[in-house]
Amino acid sequence: MHIPDGILPLPVTGAGYAATAAITWYSIRKIKQKEDPRQDIPKASLLTAAFFVASWIHIPVPPASVHLVLNGLLGALLGYYAFPAILIGLFFQAVMLGHGGLTTLGVNAMIMGLPAIIAHHIFRLRKWGGGESRRKTGAFGFLAGVVAVGVSVAMFVVILLTNLPAELNVISERAAIFALAIAHIPVIFIEGTITALVTTFLRRVRPGILDGV
Amino acid sequence: MKLGVVDEYTNLDSPFHRWDPRYKLIGLITLVFAFSFVRDLRLLLAMAAVTITIYAISRLPAAFIVKRLRYPSLFLLAIVLTLPFLSGGDVLISLGSIAVRQEGLLAALLIATRFTCILIIGMVLLGTTPLLTNIKAMRALGLPDIMADMALLAFRYLQEIGRDLRHMQTSMRLRGFKERRFSPGGLKTLAWLSGSLLVYSYERSESIYKAMILRGYGHAPQRKSEFQASEKDTLALIAIILVAAAFIVGDISLGHNTGTLLK
């Protein structure tokens, strides 16, 4: 779900970088407001590396397999560190694995990062109404995972199809959006389920992680 | 998954290897953005020529390109194989119900060339300087300290966490887990695998933080920049920016349109 170099025109890649810079600036400002911002940097960095590695885990979806995106879980756990973490993760992916690209780094960071921030706020709602339970953690974890990947897929498809250099005719554009959306439904539900399972697992094993970095 | 080794050829010697990493970042990033601006097909030849020249000067081996193109080319292939059939009005060749359309074909050509040229310039940027030096250069250019520290630390522990994952996957297989078979139970096991990876990393980060504090993290005096640009570095930067500007001006004066050639 990363847009490679060469497809998007300069105004779009430029706008992607500008929006990414603004959100990164805002995130860092929020991080610096903490009492000792240095304390959380190793935690956020190692979790960034762990998320990067966890995205190599393949889930079998017959007849193929999909890899995890986990931006919902990342948002839920990292809070304001989520956006910088995603930007760093995408940079490494572009550099080491050739996924995504350098000019599209800003756009891709928006596609993955904005939904992660939404997921962070959704996951915080589990404490709504006083206290949290295993069921609430699982339910809001599921919701965070589904919404994050759902919004990412929607942004990816719309940005890609509206920015191809050639005009697609309306019928083929609609058909392409529909086909891509249908193809991603199982992925979105798997992400939601995995996010729910991981959050309930963490709640049992190491609840401190769920309180955010 | 094996991490692509980008630092493999950073010890070679070429003008690009010797160029100040800060200037190289600014210059080559400006150039790739100028490439992404181009829409006129006549400029594609110039773009390819500039790319080939830069790659030749960098002395990176051809095998490096082939290795790096393997993954991203799949996405490109999908676009190149679908656009000529779906997009545009003028039919070039018609085979029964399948028609190859002119606009789609030209768009596919534009995308493929831009993609390959940007990727190759990106490889020169990243393949001629070690990744850690590039991150330090970005910090020298104004990347916030929090981002630079996070990137350096995450990079440092990627290989180790990757090894943790491989060990856990081997243990799971030895205990009879079939990772290629889909089942709800299997999904739960894979979720717990991801969760364990997060717990391990989280716990490790606590001892890393203590070790960093003991070594004076955050209290060290500001080090002076380790980069120093010579006159040659500045001239090279000006030359590359002029080339980038030429592409933008050239494209605007030619009409900034994929279809100009046809009219």
# chains A, B, ... in the order shown; residues from 1 in each chain; ligands from 1
$ residues_around --residues "A:Asp211" --least-positions-apart "3" --cutoff "8 Å" --atoms "only C-alpha atoms" --output "ChimeraX atom specification"
/A:77,207-208
$ write_last_selection --atoms "C-alpha atoms" --output "PDB file, in the first residue's frame"
ATOM      1  CA  LEU A  77       0.542   2.214  21.519  1.00  0.00           C
ATOM      2  CA  PRO A 207      -0.451  -3.629  30.625  1.00  0.00           C
ATOM      3  CA  GLY A 208       1.990  -0.717  30.961  1.00  0.00           C
TER       4      GLY A 208
END
$ select_by_dssp --residues "stretch 108-255 of chain B" --states "alpha helix (DSSP H)" --output "number ranges by chain"
B: 108-127, 131-140, 145-174, 184-214, 231-253
$ atom_distance --atom1 "atom CA of A:Gly14" --atom2 "atom CA of B:Ala236"
24.2 Å
$ residues_around --residues "stretch 161-164 of chain A" --least-positions-apart "6" --cutoff "12 Å" --atoms "only C-alpha atoms" --output "PyMOL selection string"
(chain A and resi 3+6-13+154-155+170+172-178+180) or (chain B and resi 39+79-80+82-83+86-88+103-104+106-108+110-111+258)
$ residues_around --residues "B:Ser225" --least-positions-apart "3" --cutoff "10 Å" --atoms "only C-alpha atoms" --output "tab-separated table (two decimals) with C-alpha atoms, in the first residue's frame"
chain	number	residue	atom	x	y	z
B	136	LYS	CA	23.59	12.57	10.48
B	137	ALA	CA	23.61	14.75	7.37
B	139	ARG	CA	20.31	16.21	11.29
B	140	ALA	CA	22.91	18.76	10.18
B	222	GLN	CA	26.70	19.93	21.30
B	228	GLN	CA	32.82	20.35	5.87
$ closest_residue --among "B:Phe75, B:Tyr200, B:Phe64, B:Phe37" --to "chain A" --atoms "only C-alpha atoms"
B:Phe37
$ residues_around --residues "A:Arg29" --least-positions-apart "5" --cutoff "12 Å" --atoms "only C-alpha atoms" --output "number ranges by chain"
A: 22-24, 34, 37, 80-81, 84; B: 144, 146
$ residues_around --residues "stretch 121-131 of chain A" --least-positions-apart "3" --cutoff "8 Å" --atoms "only C-alpha atoms" --output "list in words"
Ala76, Ile117, Ile118, Lys136, Thr137, Phe140, Gly141, Leu143 and Ala144 of chain A
$ write_last_selection --atoms "N, CA and C atoms" --output "mmCIF file, in the first residue's frame"
data_model
loop_
_atom_site.group_PDB
_atom_site.id
_atom_site.type_symbol
_atom_site.label_atom_id
_atom_site.label_comp_id
_atom_site.auth_asym_id
_atom_site.auth_seq_id
_atom_site.Cartn_x
_atom_site.Cartn_y
_atom_site.Cartn_z
ATOM 1 N N ALA A 76 -2.274 3.199 18.482
ATOM 2 C CA ALA A 76 -2.793 2.937 19.824
ATOM 3 C C ALA A 76 -1.665 2.934 20.862
ATOM 4 N N ILE A 117 -3.077 8.214 13.835
ATOM 5 C CA ILE A 117 -3.469 9.203 14.841
ATOM 6 C C ILE A 117 -4.951 9.032 15.190
ATOM 7 N N ILE A 118 -5.766 8.764 14.148
ATOM 8 C CA ILE A 118 -7.195 8.518 14.411
ATOM 9 C C ILE A 118 -7.328 7.299 15.326
ATOM 10 N N LYS A 136 -13.625 -4.400 26.493
ATOM 11 C CA LYS A 136 -13.542 -3.051 25.920
ATOM 12 C C LYS A 136 -12.216 -2.854 25.183
ATOM 13 N N THR A 137 -11.137 -3.369 25.798
ATOM 14 C CA THR A 137 -9.824 -3.255 25.136
ATOM 15 C C THR A 137 -9.865 -3.939 23.773
ATOM 16 N N PHE A 140 -12.276 -1.923 21.270
ATOM 17 C CA PHE A 140 -11.692 -0.680 20.749
ATOM 18 C C PHE A 140 -10.409 -0.952 19.964
ATOM 19 N N GLY A 141 -9.709 -2.022 20.330
ATOM 20 C CA GLY A 141 -8.539 -2.441 19.549
ATOM 21 C C GLY A 141 -8.973 -2.821 18.138
ATOM 22 N N LEU A 143 -11.690 -1.908 16.580
ATOM 23 C CA LEU A 143 -12.160 -0.707 15.889
ATOM 24 C C LEU A 143 -10.964 0.127 15.390
ATOM 25 N N ALA A 144 -9.958 0.291 16.253
ATOM 26 C CA ALA A 144 -8.773 1.075 15.872
ATOM 27 C C ALA A 144 -8.087 0.446 14.660
#
$ atom_distance --atom1 "atom CA of B:Leu31" --atom2 "atom CA of A:Phe52"
29.0 Å
